[in-house]
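Printed here is run35.cif (mmCIF, C-alpha atoms):
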data_run
#
loop_
_atom_site.group_PDB
_atom_site.id
_atom_site.type_symbol
_atom_site.label_atom_id
_atom_site.label_comp_id
_atom_site.auth_asym_id
_atom_site.auth_seq_id
_atom_site.Cartn_x
_atom_site.Cartn_y
_atom_site.Cartn_z
ATOM 1 C CA MET A 1 0.000 0.000 0.000
ATOM 2 C CA SER A 2 1.335 3.422 -0.960
ATOM 3 C CA HIS A 3 1.190 6.229 1.585
ATOM 4 C CA ARG A 4 2.736 8.820 -0.661
ATOM 5 C CA PRO A 5 0.980 12.189 -0.475
ATOM 6 C CA ILE A 6 -1.110 13.316 -3.435
ATOM 7 C CA LEU A 7 0.591 16.095 -5.376
ATOM 8 C CA GLY A 8 -0.900 19.454 -4.465
ATOM 9 C CA LEU A 9 -2.795 18.190 -1.399
ATOM 10 C CA GLU A 10 -1.565 18.606 2.169
ATOM 11 C CA ASP A 11 -2.483 17.673 5.722
ATOM 12 C CA ALA A 12 -2.878 20.423 8.306
ATOM 13 C CA PHE A 13 -2.397 19.869 12.024
ATOM 14 C CA GLY A 14 -1.107 21.514 15.164
ATOM 15 C CA VAL A 15 -0.526 25.255 15.027
ATOM 16 C CA ARG A 16 -1.434 25.549 11.350
ATOM 17 C CA ALA A 17 -4.831 23.898 11.808
ATOM 18 C CA ALA A 18 -5.544 25.955 14.935
ATOM 19 C CA SER A 19 -4.521 29.171 13.159
ATOM 20 C CA LEU A 20 -6.934 28.502 10.319
ATOM 21 C CA ARG A 21 -9.823 28.022 12.745
ATOM 22 C CA VAL A 22 -9.017 31.232 14.605
ATOM 23 C CA LEU A 23 -8.874 33.241 11.383
ATOM 24 C CA GLN A 24 -12.003 31.557 10.047
ATOM 25 C CA ASN A 25 -14.003 32.396 13.159
ATOM 26 C CA LYS A 26 -12.850 36.029 13.154
ATOM 27 C CA LEU A 27 -13.975 36.483 9.551
ATOM 28 C CA LEU A 28 -17.273 34.630 9.986
ATOM 29 C CA ASN A 29 -18.003 37.022 12.858
ATOM 30 C CA VAL A 30 -17.325 39.963 10.520
ATOM 31 C CA PHE A 31 -19.776 38.494 8.010
ATOM 32 C CA ALA A 32 -22.424 37.877 10.664
ATOM 33 C CA GLU A 33 -22.170 41.424 11.981
ATOM 34 C CA ALA A 34 -22.703 42.660 8.411
ATOM 35 C CA GLY A 35 -25.902 40.622 8.129
ATOM 36 C CA PHE A 36 -24.594 37.647 6.127
ATOM 37 C CA GLU A 37 -25.936 34.181 6.976
ATOM 38 C CA GLU A 38 -23.650 31.152 6.711
ATOM 39 C CA VAL A 39 -24.366 28.416 4.170
ATOM 40 C CA ILE A 40 -22.583 25.034 4.182
ATOM 41 C CA PRO A 41 -22.966 23.298 0.795
ATOM 42 C CA PRO A 42 -21.755 19.718 0.198
ATOM 43 C CA ILE A 43 -18.322 19.295 -1.316
ATOM 44 C CA LEU A 44 -19.844 17.247 -4.171
ATOM 45 C CA GLU A 45 -22.235 18.464 -6.848
ATOM 46 C CA ARG A 46 -23.517 17.223 -10.162
ATOM 47 C CA PRO A 47 -21.135 18.455 -12.873
ATOM 48 C CA GLU A 48 -23.867 20.347 -14.691
ATOM 49 C CA THR A 49 -24.498 22.458 -11.566
ATOM 50 C CA LEU A 50 -20.878 23.581 -11.373
ATOM 51 C CA LYS A 51 -20.577 24.096 -15.129
ATOM 52 C CA SER A 52 -23.995 25.652 -15.772
ATOM 53 C CA GLY A 53 -24.084 28.922 -17.693
ATOM 54 C CA ALA A 54 -21.249 31.211 -16.697
ATOM 55 C CA GLY A 55 -19.848 28.412 -14.542
ATOM 56 C CA CYS A 56 -18.519 26.791 -17.731
ATOM 57 C CA PHE A 57 -15.309 28.723 -17.062
ATOM 58 C CA LEU A 58 -14.696 26.311 -14.169
ATOM 59 C CA ALA A 59 -14.867 23.192 -16.356
ATOM 60 C CA ASP A 60 -11.128 22.628 -16.735
ATOM 61 C CA GLN A 61 -10.603 22.898 -12.953
ATOM 62 C CA THR A 62 -13.363 20.447 -12.011
ATOM 63 C CA VAL A 63 -12.599 16.869 -10.897
ATOM 64 C CA VAL A 64 -15.381 14.535 -12.134
ATOM 65 C CA PHE A 65 -15.845 10.877 -11.165
ATOM 66 C CA SER A 66 -18.442 8.110 -11.305
ATOM 67 C CA ASP A 67 -20.354 7.632 -8.064
ATOM 68 C CA PRO A 68 -20.101 4.030 -6.732
ATOM 69 C CA ALA A 69 -23.573 4.474 -5.201
ATOM 70 C CA ASP A 70 -25.041 4.819 -8.715
ATOM 71 C CA ALA A 71 -25.866 8.517 -8.522
ATOM 72 C CA GLY A 72 -24.151 8.977 -11.877
ATOM 73 C CA LEU A 73 -21.343 11.430 -12.448
ATOM 74 C CA LEU A 74 -20.375 13.659 -9.532
ATOM 75 C CA ALA A 75 -17.926 16.546 -9.305
ATOM 76 C CA VAL A 76 -15.747 17.962 -6.553
ATOM 77 C CA ARG A 77 -16.333 21.703 -6.311
ATOM 78 C CA PRO A 78 -13.457 23.948 -7.487
ATOM 79 C CA ASP A 79 -15.385 27.053 -6.428
ATOM 80 C CA MET A 80 -18.384 27.615 -4.137
ATOM 81 C CA THR A 81 -20.114 30.459 -5.965
ATOM 82 C CA PRO A 82 -22.021 28.145 -8.372
ATOM 83 C CA GLN A 83 -23.302 26.231 -5.348
ATOM 84 C CA ILE A 84 -24.564 29.413 -3.724
ATOM 85 C CA ALA A 85 -26.301 30.253 -6.999
ATOM 86 C CA ARG A 86 -27.991 26.839 -6.976
ATOM 87 C CA ILE A 87 -29.144 27.227 -3.372
ATOM 88 C CA ALA A 88 -30.508 30.709 -4.000
ATOM 89 C CA ALA A 89 -32.364 29.518 -7.096
ATOM 90 C CA THR A 90 -33.889 26.413 -5.494
ATOM 91 C CA ARG A 91 -33.933 26.476 -1.687
ATOM 92 C CA LEU A 92 -34.292 30.165 -0.837
ATOM 93 C CA LEU A 93 -36.920 31.351 -3.301
ATOM 94 C CA ALA A 94 -38.946 33.145 -0.611
ATOM 95 C CA SER A 95 -36.223 35.781 -0.109
ATOM 96 C CA GLN A 96 -35.791 38.567 -2.654
ATOM 97 C CA VAL A 97 -32.494 39.713 -1.136
ATOM 98 C CA LEU A 98 -29.943 37.205 0.140
ATOM 99 C CA ARG A 99 -26.719 37.880 2.017
ATOM 100 C CA LEU A 100 -24.877 34.573 2.310
ATOM 101 C CA CYS A 101 -21.383 33.612 3.476
ATOM 102 C CA TYR A 102 -19.417 30.368 3.416
ATOM 103 C CA SER A 103 -16.095 28.802 4.357
ATOM 104 C CA GLY A 104 -14.916 25.372 3.242
ATOM 105 C CA THR A 105 -12.560 23.287 1.147
ATOM 106 C CA VAL A 106 -12.478 23.409 -2.647
ATOM 107 C CA ILE A 107 -10.300 21.185 -4.841
ATOM 108 C CA LEU A 108 -8.791 22.210 -8.184
ATOM 109 C CA ALA A 109 -8.033 19.720 -10.946
ATOM 110 C CA ARG A 110 -4.577 21.223 -11.394
ATOM 111 C CA PRO A 111 -2.282 23.191 -9.083
ATOM 112 C CA GLU A 112 -2.364 26.951 -9.379
ATOM 113 C CA SER A 113 1.024 28.350 -10.340
ATOM 114 C CA ARG A 114 0.827 30.808 -7.442
ATOM 115 C CA ARG A 115 1.381 28.229 -4.694
ATOM 116 C CA GLY A 116 1.391 24.815 -6.357
ATOM 117 C CA SER A 117 -1.624 23.753 -4.313
ATOM 118 C CA ARG A 118 -4.788 22.036 -5.516
ATOM 119 C CA GLN A 119 -6.678 22.627 -2.277
ATOM 120 C CA GLN A 120 -8.001 25.903 -0.951
ATOM 121 C CA TRP A 121 -10.093 26.853 2.058
ATOM 122 C CA GLN A 122 -12.408 29.152 0.182
ATOM 123 C CA THR A 123 -14.162 31.772 2.280
ATOM 124 C CA GLY A 124 -16.368 34.578 1.085
ATOM 125 C CA VAL A 125 -19.757 36.183 0.647
ATOM 126 C CA GLU A 126 -22.441 36.452 -2.008
ATOM 127 C CA CYS A 127 -24.880 39.367 -2.068
ATOM 128 C CA LEU A 128 -27.922 38.479 -4.175
ATOM 129 C CA GLY A 129 -30.833 40.665 -5.188
ATOM 130 C CA ILE A 130 -29.132 44.076 -4.933
ATOM 131 C CA ALA A 131 -28.362 45.509 -8.355
ATOM 132 C CA GLY A 132 -25.724 47.962 -9.489
ATOM 133 C CA VAL A 133 -23.730 50.369 -7.392
ATOM 134 C CA ASP A 134 -25.368 49.617 -4.029
ATOM 135 C CA GLY A 135 -24.517 45.919 -4.132
ATOM 136 C CA ASP A 136 -21.021 46.507 -5.461
ATOM 137 C CA VAL A 137 -20.203 49.075 -2.792
ATOM 138 C CA GLU A 138 -21.525 46.862 0.003
ATOM 139 C CA VAL A 139 -19.354 43.866 -0.869
ATOM 140 C CA ILE A 140 -16.234 45.904 -1.617
ATOM 141 C CA ARG A 141 -16.493 47.635 1.759
ATOM 142 C CA LEU A 142 -16.874 44.228 3.397
ATOM 143 C CA ALA A 143 -13.813 42.936 1.537
ATOM 144 C CA ALA A 144 -11.841 45.904 2.854
ATOM 145 C CA GLN A 145 -13.045 45.175 6.385
ATOM 146 C CA CYS A 146 -11.892 41.559 6.090
ATOM 147 C CA MET A 147 -8.388 42.590 5.027
ATOM 148 C CA GLN A 148 -8.237 45.020 7.935
ATOM 149 C CA THR A 149 -9.451 42.339 10.354
ATOM 150 C CA ALA A 150 -6.632 40.086 9.180
ATOM 151 C CA ALA A 151 -4.230 43.012 9.832
ATOM 152 C CA PHE A 152 -2.432 42.858 6.498
ATOM 153 C CA LYS A 153 0.264 45.496 6.068
ATOM 154 C CA HIS A 154 -0.796 48.364 3.780
ATOM 155 C CA PRO A 155 -3.773 46.591 2.161
ATOM 156 C CA VAL A 156 -4.850 47.696 -1.315
ATOM 157 C CA LEU A 157 -8.064 47.089 -3.262
ATOM 158 C CA GLN A 158 -7.777 47.429 -7.021
ATOM 159 C CA VAL A 159 -11.126 47.975 -8.742
ATOM 160 C CA GLY A 160 -11.951 47.504 -12.423
ATOM 161 C CA HIS A 161 -14.772 46.417 -14.726
ATOM 162 C CA ILE A 162 -14.777 43.390 -17.027
ATOM 163 C CA GLY A 163 -16.966 45.359 -19.438
ATOM 164 C CA LEU A 164 -13.993 47.571 -20.337
ATOM 165 C CA LEU A 165 -12.029 44.664 -21.801
ATOM 166 C CA LYS A 166 -15.124 43.154 -23.405
ATOM 167 C CA ALA A 167 -15.825 46.453 -25.171
ATOM 168 C CA LEU A 168 -12.268 46.602 -26.520
ATOM 169 C CA VAL A 169 -12.059 43.043 -27.872
ATOM 170 C CA ALA A 170 -15.672 42.367 -28.906
ATOM 171 C CA ASP A 171 -14.752 42.372 -32.615
ATOM 172 C CA SER A 172 -11.588 40.334 -32.195
ATOM 173 C CA PRO A 173 -11.491 36.694 -33.365
ATOM 174 C CA LEU A 174 -9.557 35.793 -30.202
ATOM 175 C CA SER A 175 -11.344 34.569 -27.076
ATOM 176 C CA LEU A 176 -11.928 36.693 -23.985
ATOM 177 C CA GLU A 177 -9.952 34.111 -22.028
ATOM 178 C CA ARG A 178 -6.917 34.703 -24.245
ATOM 179 C CA TRP A 179 -7.093 38.457 -23.650
ATOM 180 C CA THR A 180 -7.410 38.094 -19.877
ATOM 181 C CA GLU A 181 -4.445 35.730 -19.787
ATOM 182 C CA MET A 182 -2.354 38.292 -21.632
ATOM 183 C CA LEU A 183 -3.400 41.149 -19.354
ATOM 184 C CA ALA A 184 -2.346 39.059 -16.363
ATOM 185 C CA HIS A 185 1.200 39.029 -17.792
ATOM 186 C CA ARG A 186 1.315 42.852 -17.713
ATOM 187 C CA SER A 187 3.635 42.851 -20.731
ATOM 188 C CA PRO A 188 3.100 45.692 -23.254
ATOM 189 C CA ASP A 189 5.250 43.944 -25.888
ATOM 190 C CA ASP A 190 3.233 40.737 -25.641
ATOM 191 C CA MET A 191 -0.014 42.706 -25.705
ATOM 192 C CA ASP A 192 1.117 44.557 -28.823
ATOM 193 C CA ALA A 193 1.757 41.241 -30.566
ATOM 194 C CA LEU A 194 -1.612 39.876 -29.486
ATOM 195 C CA ALA A 195 -3.388 43.018 -30.677
ATOM 196 C CA GLU A 196 -1.794 42.438 -34.064
ATOM 197 C CA ASP A 197 -3.037 38.829 -34.088
ATOM 198 C CA GLY A 198 -6.424 39.984 -32.845
ATOM 199 C CA LYS A 199 -6.723 42.533 -35.648
ATOM 200 C CA LEU A 200 -7.147 45.489 -33.293
ATOM 201 C CA ALA A 201 -5.802 48.945 -34.052
ATOM 202 C CA GLY A 202 -6.192 52.611 -33.233
ATOM 203 C CA ALA A 203 -7.769 53.590 -29.910
ATOM 204 C CA TYR A 204 -8.553 49.955 -29.092
ATOM 205 C CA ARG A 205 -4.954 48.850 -29.413
ATOM 206 C CA GLU A 206 -3.661 51.888 -27.551
ATOM 207 C CA ALA A 207 -6.064 51.231 -24.678
ATOM 208 C CA LEU A 208 -4.945 47.607 -24.375
ATOM 209 C CA MET A 209 -1.301 48.675 -24.360
ATOM 210 C CA MET A 210 -1.937 51.133 -21.532
ATOM 211 C CA MET A 211 -3.793 48.473 -19.563
ATOM 212 C CA ALA A 212 -0.918 46.005 -19.993
ATOM 213 C CA SER A 213 1.511 48.737 -18.900
ATOM 214 C CA GLY A 214 -0.308 49.215 -15.594
ATOM 215 C CA LYS A 215 -1.199 52.809 -16.460
ATOM 216 C CA ALA A 216 -4.977 52.441 -16.864
ATOM 217 C CA ASP A 217 -5.882 54.292 -13.656
ATOM 218 C CA ALA A 218 -8.750 56.657 -12.800
ATOM 219 C CA GLY A 219 -7.267 59.541 -14.771
ATOM 220 C CA TRP A 220 -6.729 57.356 -17.816
ATOM 221 C CA LEU A 221 -10.284 56.051 -17.572
ATOM 222 C CA ASN A 222 -11.737 59.567 -17.460
ATOM 223 C CA GLY A 223 -9.792 60.505 -20.566
ATOM 224 C CA ARG A 224 -11.016 57.512 -22.577
ATOM 225 C CA ILE A 225 -14.743 58.144 -22.161
ATOM 226 C CA GLY A 226 -16.260 59.139 -25.499
ATOM 227 C CA LYS A 227 -13.223 57.906 -27.450
ATOM 228 C CA ILE A 228 -13.727 54.125 -27.642
ATOM 229 C CA ASN A 229 -17.347 52.971 -27.999
ATOM 230 C CA GLU A 230 -20.666 53.060 -26.170
ATOM 231 C CA ASP A 231 -20.125 49.787 -24.287
ATOM 232 C CA PHE A 232 -16.790 51.060 -22.985
ATOM 233 C CA ASP A 233 -18.445 54.271 -21.766
ATOM 234 C CA VAL A 234 -21.210 52.349 -19.953
ATOM 235 C CA ALA A 235 -18.658 50.203 -18.097
ATOM 236 C CA ALA A 236 -16.444 53.208 -17.321
ATOM 237 C CA ARG A 237 -19.285 55.247 -15.839
ATOM 238 C CA ASP A 238 -20.462 52.232 -13.832
ATOM 239 C CA LEU A 239 -16.969 51.893 -12.357
ATOM 240 C CA GLN A 240 -16.707 55.616 -11.672
ATOM 241 C CA ALA A 241 -20.012 55.588 -9.758
ATOM 242 C CA VAL A 242 -18.805 52.749 -7.531
ATOM 243 C CA VAL A 243 -15.438 54.393 -6.827
ATOM 244 C CA GLU A 244 -17.108 57.707 -6.020
ATOM 245 C CA GLN A 245 -19.156 56.083 -3.259
ATOM 246 C CA LEU A 246 -16.205 54.070 -1.968
ATOM 247 C CA THR A 247 -13.890 57.011 -1.425
ATOM 248 C CA ASP A 248 -15.633 57.836 1.867
ATOM 249 C CA ASN A 249 -14.940 55.827 5.019
ATOM 250 C CA MET A 250 -12.133 53.719 3.526
ATOM 251 C CA SER A 251 -9.458 54.737 6.025
ATOM 252 C CA GLY A 252 -6.703 52.199 6.500
ATOM 253 C CA ILE A 253 -6.955 50.720 3.014
ATOM 254 C CA SER A 254 -5.876 52.087 -0.356
ATOM 255 C CA LEU A 255 -8.410 52.088 -3.212
ATOM 256 C CA GLN A 256 -7.026 52.087 -6.756
ATOM 257 C CA VAL A 257 -8.733 52.068 -10.144
ATOM 258 C CA ASP A 258 -7.008 49.633 -12.503
ATOM 259 C CA ALA A 259 -8.764 48.756 -15.759
ATOM 260 C CA ALA A 260 -6.478 45.741 -16.116
ATOM 261 C CA VAL A 261 -7.780 43.978 -13.000
ATOM 262 C CA MET A 262 -9.110 40.624 -14.146
ATOM 263 C CA PRO A 263 -11.293 38.092 -12.298
ATOM 264 C CA ARG A 264 -10.039 34.720 -11.141
ATOM 265 C CA PHE A 265 -12.799 33.032 -13.149
ATOM 266 C CA LEU A 266 -14.522 34.520 -16.184
ATOM 267 C CA TYR A 267 -18.100 34.298 -14.939
ATOM 268 C CA HIS A 268 -18.117 37.954 -13.881
ATOM 269 C CA SER A 269 -20.175 40.525 -15.758
ATOM 270 C CA GLY A 270 -19.552 43.953 -14.179
ATOM 271 C CA VAL A 271 -17.393 45.636 -11.535
ATOM 272 C CA ILE A 272 -14.530 43.405 -10.402
ATOM 273 C CA PHE A 273 -11.847 43.839 -7.744
ATOM 274 C CA ALA A 274 -8.802 42.225 -6.186
ATOM 275 C CA GLY A 275 -7.030 42.662 -2.853
ATOM 276 C CA PHE A 276 -3.300 42.949 -2.258
ATOM 277 C CA ALA A 277 -0.984 43.754 0.641
ATOM 278 C CA GLU A 278 2.630 44.741 1.150
ATOM 279 C CA GLY A 279 4.967 41.767 1.221
ATOM 280 C CA VAL A 280 2.479 39.325 -0.339
ATOM 281 C CA PRO A 281 3.392 38.355 -3.936
ATOM 282 C CA TYR A 282 -0.117 37.285 -4.984
ATOM 283 C CA ALA A 283 -3.695 38.535 -4.899
ATOM 284 C CA LEU A 284 -5.329 37.892 -1.529
ATOM 285 C CA LEU A 285 -8.932 38.047 -2.729
ATOM 286 C CA HIS A 286 -11.009 38.307 -5.877
ATOM 287 C CA GLY A 287 -14.568 39.493 -6.335
ATOM 288 C CA GLY A 288 -17.126 41.156 -8.534
ATOM 289 C CA ARG A 289 -20.549 41.081 -10.134
ATOM 290 C CA TYR A 290 -21.781 37.852 -11.784
ATOM 291 C CA ASP A 291 -25.450 38.409 -12.709
ATOM 292 C CA ALA A 292 -25.392 35.893 -15.591
ATOM 293 C CA MET A 293 -24.755 32.911 -13.311
ATOM 294 C CA MET A 294 -28.044 33.324 -11.451
ATOM 295 C CA ALA A 295 -30.057 33.390 -14.678
ATOM 296 C CA ALA A 296 -28.346 30.169 -15.765
ATOM 297 C CA HIS A 297 -29.596 28.508 -12.579
ATOM 298 C CA GLY A 298 -33.166 29.541 -13.274
ATOM 299 C CA ARG A 299 -33.475 32.611 -11.086
ATOM 300 C CA ASP A 300 -32.716 35.884 -12.797
ATOM 301 C CA MET A 301 -31.442 38.149 -10.026
ATOM 302 C CA PRO A 302 -28.439 40.464 -9.631
ATOM 303 C CA ALA A 303 -25.485 39.029 -7.720
ATOM 304 C CA THR A 304 -22.036 40.044 -6.541
ATOM 305 C CA GLY A 305 -19.523 38.758 -4.017
ATOM 306 C CA PHE A 306 -15.903 37.948 -3.238
ATOM 307 C CA SER A 307 -13.832 35.060 -1.970
ATOM 308 C CA PHE A 308 -10.347 34.179 -0.798
ATOM 309 C CA ASP A 309 -8.251 31.219 0.328
ATOM 310 C CA LEU A 310 -7.638 31.092 4.068
ATOM 311 C CA TRP A 311 -4.453 29.062 3.561
ATOM 312 C CA ALA A 312 -3.095 31.818 1.308
ATOM 313 C CA TRP A 313 -4.038 34.408 3.924
ATOM 314 C CA LEU A 314 -2.128 32.537 6.616
ATOM 315 C CA ASP A 315 0.893 32.181 4.334
ATOM 316 C CA GLY A 316 0.590 35.902 3.548
ATOM 317 C CA GLY A 317 0.889 36.882 7.211
ATOM 318 C CA ALA A 318 -2.727 37.282 8.332
ATOM 319 C CA CYS A 319 -3.065 37.982 12.051
ATOM 320 C CA VAL A 320 -4.521 35.067 14.033
ATOM 321 C CA GLU A 321 -4.347 36.549 17.499
ATOM 322 C CA SER A 322 -7.658 36.149 19.282
#

Rewrite the coordinates I just gave you, this time as structure tokens.
Amino acid sequence: MSHRPILGLEDAFGVRAASLRVLQNKLLNVFAEAGFEEVIPPILERPETLKSGAGCFLADQTVVFSDPADAGLLAVRPDMTPQIARIAATRLLASQVLRLCYSGTVILARPESRRGSRQQWQTGVECLGIAGVDGDVEVIRLAAQCMQTAAFKHPVLQVGHIGLLKALVADSPLSLERWTEMLAHRSPDDMDALAEDGKLAGAYREALMMMASGKADAGWLNGRIGKINEDFDVAARDLQAVVEQLTDNMSGISLQVDAAVMPRFLYHSGVIFAGFAEGVPYALLHGGRYDAMMAAHGRDMPATGFSFDLWAWLDGGACVES
């Protein structure tokens, strides 16, 4: 019998296990005080639930197997947001507004390059039924509060809008996934080559180059309105409205507009954001609006949220003092 560990999966015990529970409880208390109710979905789902609609972007990270109890094919969740969408669309129909939180293990089919791990302790919130700016502002403020609770050094929230990129590459033969991968590289030379392959020129190409250069900030965004296309302007004004409301009462955390911020998974449809901190070489959280996923589950309602990996927070220096 082989007792070799599975690549990308680890045991946790002793101080590390205790630290996770302390941090988890602190953050669940933050969620509860903000009016979010905990949900505990099963770790297994039917594959079609996890891959439904916008969740198709999770397909290549989903482990699928045949159930020995004859339930057919089952899947191990790589992300909990599709499960929350299912619950909201089937079990909680009586509520028009839902504020839900969760914390549990997810398993990825392949290790993420960031840490080489296939397991994450995903924790986060989903705010359902509140459209537009109000919902976006609520969850972004809560994300900021979580980073402050964990006492990260000089925390930063970068805020963008997936609609900006979609407006720029809508006529390109290349996939949205290809463009987001390139933006993640933050390489102007590589972006220039891709723009050539994607048959983009003029203001569209220039905008993509600025985004890849890390220069697509609030001032840049203001200067592009009216110079790209209508869809770009709609996304830009949506982002500006959110940032305008967020500038108040955000002491202790830096808020930055960055049009090149991309979501972890491509099921988002509006404002998106990511959290960073000094001394941590990776994003600490990801979030944003994902209205399309709810419609795919049979309940058309606005939705936004954010999530993060508690293991990554511990490795990034999160405070676990009680």

Axis-aligned box over every listed atom of range 154-162 of chain A, padded by 4 Å per side: centre and edges in Å to one decimal, as AutoDock Vina command-line options?
--center_x -7.8 --center_y 45.9 --center_z -6.6 --size_x 22.0 --size_y 13.0 --size_z 28.8

Do a neighbour search on range 167-182 of chain A at 6 Å with all atoms listed in the file, toss out local chain neighbours closer than 6 positions, and write the hits as a PyMOL selection string.
chain A and resi 198+204+231-232

Find the residue from A:Lys26, A:Met211, A:Gln122, A:Glu196 that sits nearest to His286 in chain A; use all atoms listed in the file when measuring.
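Among A:Lys26, A:Met211, A:Gln122, A:Glu196, it is A:Gln122 that comes nearest to His286 in chain A.
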
For the structure shown, which residues end up in the PyMOL selection byres ((chain A and resi 129-132) around 7)? Put them as a list in words, please?
Gln96, Val97, Leu98, Cys127, Leu128, Val133, Asp134, Gly135, Asp136, Met301, Pro302 and Ala303 of chain A

Pull C-alpha atoms from the residues just selected and write them as a CSV table (one decimal), keeping the file's coordinate frame.
chain,number,residue,atom,x,y,z
A,96,GLN,CA,-35.8,38.6,-2.7
A,97,VAL,CA,-32.5,39.7,-1.1
A,98,LEU,CA,-29.9,37.2,0.1
A,127,CYS,CA,-24.9,39.4,-2.1
A,128,LEU,CA,-27.9,38.5,-4.2
A,133,VAL,CA,-23.7,50.4,-7.4
A,134,ASP,CA,-25.4,49.6,-4.0
A,135,GLY,CA,-24.5,45.9,-4.1
A,136,ASP,CA,-21.0,46.5,-5.5
A,301,MET,CA,-31.4,38.1,-10.0
A,302,PRO,CA,-28.4,40.5,-9.6
A,303,ALA,CA,-25.5,39.0,-7.7

Residue members of the PyMOL selection byres ((chain A and resi 162) around 8) in the file shown, as a VMD selection string
chain A and resid 160 to 161 163 to 166 235 262 to 263 268 to 272

Explicit residue set for the PyMOL selection byres ((chain A and resi 138) around 12), as JSON, numbers by chain
{"A": [31, 34, 35, 36, 99, 125, 126, 127, 128, 130, 131, 132, 133, 134, 135, 136, 137, 139, 140, 141, 142, 143, 144, 145, 242, 243, 245, 246, 287, 288, 289, 303, 304, 305, 306]}

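Between His185 in chain A and the residues A:Ser19, A:Thr123, A:Gln24, A:Ser213, the shortest atom-to-atom distance, using all atoms listed in the file, involves A:Ser213.
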
Which is closer to Ser254 in chain A than all the others in A:Gly219, A:Pro281, A:Gly202, A:Pro155, using all atoms listed in the file?
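Smallest separation from Ser254 in chain A among the options: A:Pro155.
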
Please provide as number ranges by chain all residues within 12 Å of range 9-15 of chain A, with the sequence filter that same-chain residues fewer than 2 positions apart are discarded (counting all atoms listed in the file).
A: 4-7, 17-22, 105-112, 115-121, 311, 314, 320

In Å to one decimal, how far is CA of Cys146 in chain A from CA of Val280 in chain A?
15.9 Å

Go ahead and compute the interatomic distance for CA of Ala241 in chain A and CA of Gln256 in chain A, in Å to one decimal.
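Computing the Euclidean distance for CA of Ala241 in chain A and CA of Gln256 in chain A yields 13.8 Å.
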
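Between CA of Asn249 in chain A and CA of Arg224 in chain A the interatomic distance comes to 27.9 Å.
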
Can you put N, CA and C atoms back into range 42-53 of chain A and show it as an mmCIF file, keeping the file's coordinate frame?
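Result file follows (result08.cif):
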data_model
loop_
_atom_site.group_PDB
_atom_site.id
_atom_site.type_symbol
_atom_site.label_atom_id
_atom_site.label_comp_id
_atom_site.auth_asym_id
_atom_site.auth_seq_id
_atom_site.Cartn_x
_atom_site.Cartn_y
_atom_site.Cartn_z
ATOM 1 N N PRO A 42 -22.572 20.938 0.254
ATOM 2 C CA PRO A 42 -21.755 19.718 0.198
ATOM 3 C C PRO A 42 -20.568 19.911 -0.717
ATOM 4 N N ILE A 43 -19.524 19.144 -0.496
ATOM 5 C CA ILE A 43 -18.322 19.295 -1.316
ATOM 6 C C ILE A 43 -18.533 18.723 -2.715
ATOM 7 N N LEU A 44 -19.556 17.857 -2.875
ATOM 8 C CA LEU A 44 -19.844 17.247 -4.171
ATOM 9 C C LEU A 44 -21.102 17.852 -4.784
ATOM 10 N N GLU A 45 -21.082 17.982 -6.094
ATOM 11 C CA GLU A 45 -22.235 18.464 -6.848
ATOM 12 C C GLU A 45 -22.322 17.662 -8.144
ATOM 13 N N ARG A 46 -23.458 17.752 -8.807
ATOM 14 C CA ARG A 46 -23.517 17.223 -10.162
ATOM 15 C C ARG A 46 -22.730 18.163 -11.075
ATOM 16 N N PRO A 47 -21.985 17.608 -12.030
ATOM 17 C CA PRO A 47 -21.135 18.455 -12.873
ATOM 18 C C PRO A 47 -21.890 19.587 -13.560
ATOM 19 N N GLU A 48 -23.124 19.304 -13.976
ATOM 20 C CA GLU A 48 -23.867 20.347 -14.691
ATOM 21 C C GLU A 48 -24.173 21.545 -13.804
ATOM 22 N N THR A 49 -24.274 21.332 -12.477
ATOM 23 C CA THR A 49 -24.498 22.458 -11.566
ATOM 24 C C THR A 49 -23.290 23.378 -11.533
ATOM 25 N N LEU A 50 -22.098 22.783 -11.452
ATOM 26 C CA LEU A 50 -20.878 23.581 -11.373
ATOM 27 C C LEU A 50 -20.511 24.223 -12.704
ATOM 28 N N LYS A 51 -20.963 23.610 -13.807
ATOM 29 C CA LYS A 51 -20.577 24.096 -15.129
ATOM 30 C C LYS A 51 -21.702 24.857 -15.825
ATOM 31 N N SER A 52 -22.841 25.029 -15.148
ATOM 32 C CA SER A 52 -23.995 25.652 -15.772
ATOM 33 C C SER A 52 -23.738 27.116 -16.102
ATOM 34 N N GLY A 53 -24.165 27.516 -17.299
ATOM 35 C CA GLY A 53 -24.084 28.922 -17.693
ATOM 36 C C GLY A 53 -22.677 29.471 -17.570
#
